[in-house]
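Structure record follows, encoded as structure tokens.
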Amino acid sequence: MRRLLMAMALVLYVGCWTNVMQGQTARPVYTREYSDKALVKKAKKWMKMGEWRNGFTKARPHCSVNAVDFYQQYQRNPEAWSRMFAFLQETDLLAVPKGKTPIPGTNLVLNVQDSKNEPLDKRRSESHYKGIDFQYCVKGTERFGIIDHTTSVPNDKYKKDVIHYDYDKSRAKFYDSKPDEFFIFFPGDWHIAKVANDTDDQDIRVVVVKVEYVE
């Protein structure tokens, strides 16, 4: 089933790319879209009400987080998500050592990165099929790019649960991540991390948790 969906998606993206090359500008798509309006409404309310927090008060979801994906993935794997949020609340994320720290009671790992943002042309776009990226910049400002599906095409083979894209920079969206918000990138969110912001300070501390995408 996954291979069939991937093949169908590739046909769609190639077709959209062809339309663009022929002068027919397709509507941009930045995340997975859901036609079930009741589900979308329910998911947005669930996310706003904070039923997922399990005591986590340090940050809120960025407006780009796909509410339906978040809602569905939480329901399918509640133990992992709830323990992750509890651990993030209980842990001093500025003091925890750089590197990987297991999250107790789960198979999740907190990956702490002390890093620097870089110019956009040095950063690669990516997405994942099997994993979800929970990304939280706890110090400094990290800029993320989110690319348009309809004008992006894979530029290498899918391996180690990552694939990269050629994309139209003029149709990309950019958001700054600060310690009061977190981002979640699901398979339908094609993104660019650690892009240089508009300030003189590009030093950041980011915590990343890879959560399994459950179908």
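Labels used: A, B, ... for chains in the order of the structure tokens, numbers from 1 for residues in each chain, and numbers from 1 for ligands as shown.
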
Nearby residues (only C-alpha atoms) at most 8 Å from range 29-38 of chain A, same-chain spacing under 5 positions excluded, as JSON, numbers by chain: {"A": [66, 68, 146, 147, 148, 149, 150, 188, 189, 190]}

So which residues touch range 84-99 of chain A within 6 Å, counting only C-alpha atoms, skipping near sequence neighbours fewer than 2 positions away, as a PDB file with all heavy atoms, in the first residue's frame?
ATOM      1  N   ASN A  54      -0.148  16.794  28.717  1.00  0.00           N
ATOM      2  CA  ASN A  54       0.365  16.003  29.836  1.00  0.00           C
ATOM      3  C   ASN A  54       1.297  16.831  30.716  1.00  0.00           C
ATOM      4  O   ASN A  54       2.370  16.387  31.119  1.00  0.00           O
ATOM      5  CB  ASN A  54       1.093  14.754  29.330  1.00  0.00           C
ATOM      6  CG  ASN A  54       1.287  13.709  30.425  1.00  0.00           C
ATOM      7  OD1 ASN A  54       0.581  13.702  31.429  1.00  0.00           O
ATOM      8  ND2 ASN A  54       2.245  12.823  30.233  1.00  0.00           N
ATOM      9  N   PHE A  56       2.798  19.685  29.881  1.00  0.00           N
ATOM     10  CA  PHE A  56       3.792  20.472  29.140  1.00  0.00           C
ATOM     11  C   PHE A  56       3.276  21.894  28.914  1.00  0.00           C
ATOM     12  O   PHE A  56       2.283  22.103  28.215  1.00  0.00           O
ATOM     13  CB  PHE A  56       4.096  19.810  27.800  1.00  0.00           C
ATOM     14  CG  PHE A  56       5.125  20.546  26.981  1.00  0.00           C
ATOM     15  CD1 PHE A  56       6.458  20.555  27.349  1.00  0.00           C
ATOM     16  CD2 PHE A  56       4.751  21.232  25.826  1.00  0.00           C
ATOM     17  CE1 PHE A  56       7.415  21.229  26.598  1.00  0.00           C
ATOM     18  CE2 PHE A  56       5.693  21.905  25.063  1.00  0.00           C
ATOM     19  CZ  PHE A  56       7.017  21.905  25.451  1.00  0.00           C
ATOM     20  N   TRP A  81       3.691   9.796  22.897  1.00  0.00           N
ATOM     21  CA  TRP A  81       3.523  11.247  22.871  1.00  0.00           C
ATOM     22  C   TRP A  81       3.383  11.821  24.276  1.00  0.00           C
ATOM     23  O   TRP A  81       4.025  12.841  24.606  1.00  0.00           O
ATOM     24  CB  TRP A  81       2.301  11.620  22.033  1.00  0.00           C
ATOM     25  CG  TRP A  81       2.499  11.480  20.550  1.00  0.00           C
ATOM     26  CD1 TRP A  81       2.116  10.421  19.775  1.00  0.00           C
ATOM     27  CD2 TRP A  81       3.113  12.418  19.659  1.00  0.00           C
ATOM     28  NE1 TRP A  81       2.458  10.646  18.456  1.00  0.00           N
ATOM     29  CE2 TRP A  81       3.061  11.864  18.364  1.00  0.00           C
ATOM     30  CE3 TRP A  81       3.692  13.664  19.831  1.00  0.00           C
ATOM     31  CZ2 TRP A  81       3.576  12.525  17.241  1.00  0.00           C
ATOM     32  CZ3 TRP A  81       4.204  14.328  18.723  1.00  0.00           C
ATOM     33  CH2 TRP A  81       4.147  13.756  17.444  1.00  0.00           C
ATOM     34  N   SER A  82       2.579  11.199  25.110  1.00  0.00           N
ATOM     35  CA  SER A  82       2.353  11.749  26.453  1.00  0.00           C
ATOM     36  C   SER A  82       3.628  11.701  27.285  1.00  0.00           C
ATOM     37  O   SER A  82       3.939  12.650  28.022  1.00  0.00           O
ATOM     38  CB  SER A  82       1.223  11.001  27.154  1.00  0.00           C
ATOM     39  OG  SER A  82       1.540   9.634  27.348  1.00  0.00           O
ATOM     40  N   ASN A 111      17.310  14.202  21.035  1.00  0.00           N
ATOM     41  CA  ASN A 111      18.564  14.556  20.373  1.00  0.00           C
ATOM     42  C   ASN A 111      18.799  16.049  20.559  1.00  0.00           C
ATOM     43  O   ASN A 111      18.087  16.875  19.980  1.00  0.00           O
ATOM     44  CB  ASN A 111      18.497  14.189  18.890  1.00  0.00           C
ATOM     45  CG  ASN A 111      19.830  14.384  18.181  1.00  0.00           C
ATOM     46  OD1 ASN A 111      20.800  14.847  18.777  1.00  0.00           O
ATOM     47  ND2 ASN A 111      19.879  14.037  16.910  1.00  0.00           N
ATOM     48  N   VAL A 112      19.777  16.400  21.384  1.00  0.00           N
ATOM     49  CA  VAL A 112      20.074  17.799  21.684  1.00  0.00           C
ATOM     50  C   VAL A 112      21.213  18.267  20.785  1.00  0.00           C
ATOM     51  O   VAL A 112      22.298  17.697  20.782  1.00  0.00           O
ATOM     52  CB  VAL A 112      20.462  17.975  23.162  1.00  0.00           C
ATOM     53  CG1 VAL A 112      20.784  19.436  23.457  1.00  0.00           C
ATOM     54  CG2 VAL A 112      19.337  17.488  24.064  1.00  0.00           C
ATOM     55  N   GLN A 113      20.950  19.334  20.031  1.00  0.00           N
ATOM     56  CA  GLN A 113      21.911  19.826  19.055  1.00  0.00           C
ATOM     57  C   GLN A 113      22.264  21.280  19.350  1.00  0.00           C
ATOM     58  O   GLN A 113      21.393  22.143  19.327  1.00  0.00           O
ATOM     59  CB  GLN A 113      21.334  19.709  17.640  1.00  0.00           C
ATOM     60  CG  GLN A 113      20.902  18.302  17.256  1.00  0.00           C
ATOM     61  CD  GLN A 113      20.153  18.252  15.947  1.00  0.00           C
ATOM     62  OE1 GLN A 113      20.051  19.250  15.218  1.00  0.00           O
ATOM     63  NE2 GLN A 113      19.613  17.089  15.624  1.00  0.00           N
TER      64      GLN A 113
END

A:Gly55, A:Pro61, A:Gly50, A:Pro104 ranked by distance to Glu181 in chain A, top pick (using only C-alpha atoms): A:Pro61

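Shortest separation to Asn197 in chain A among A:Arg124, A:Lys130, A:Lys116, A:Lys100 occurs at residue A:Lys116, atoms counted being only C-alpha atoms.
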
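Between CA of Phe174 in chain A and CA of Gln72 in chain A the separation is 25.5 Å.
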
Polymer residues at most 6 Å from Ala196 in chain A, only C-alpha atoms, same-chain spacing of 6 or more positions, as a VMD selection string: chain A and resid 117 to 119

Given only C-alpha atoms as the counted atoms, nearest of A:Pro78, A:Pro28, A:Gly105, A:Gly131 to Asp161 in chain A: A:Gly131

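One finds CA of Val138 in chain A at 18.7 Å from CA of Leu108 in chain A.
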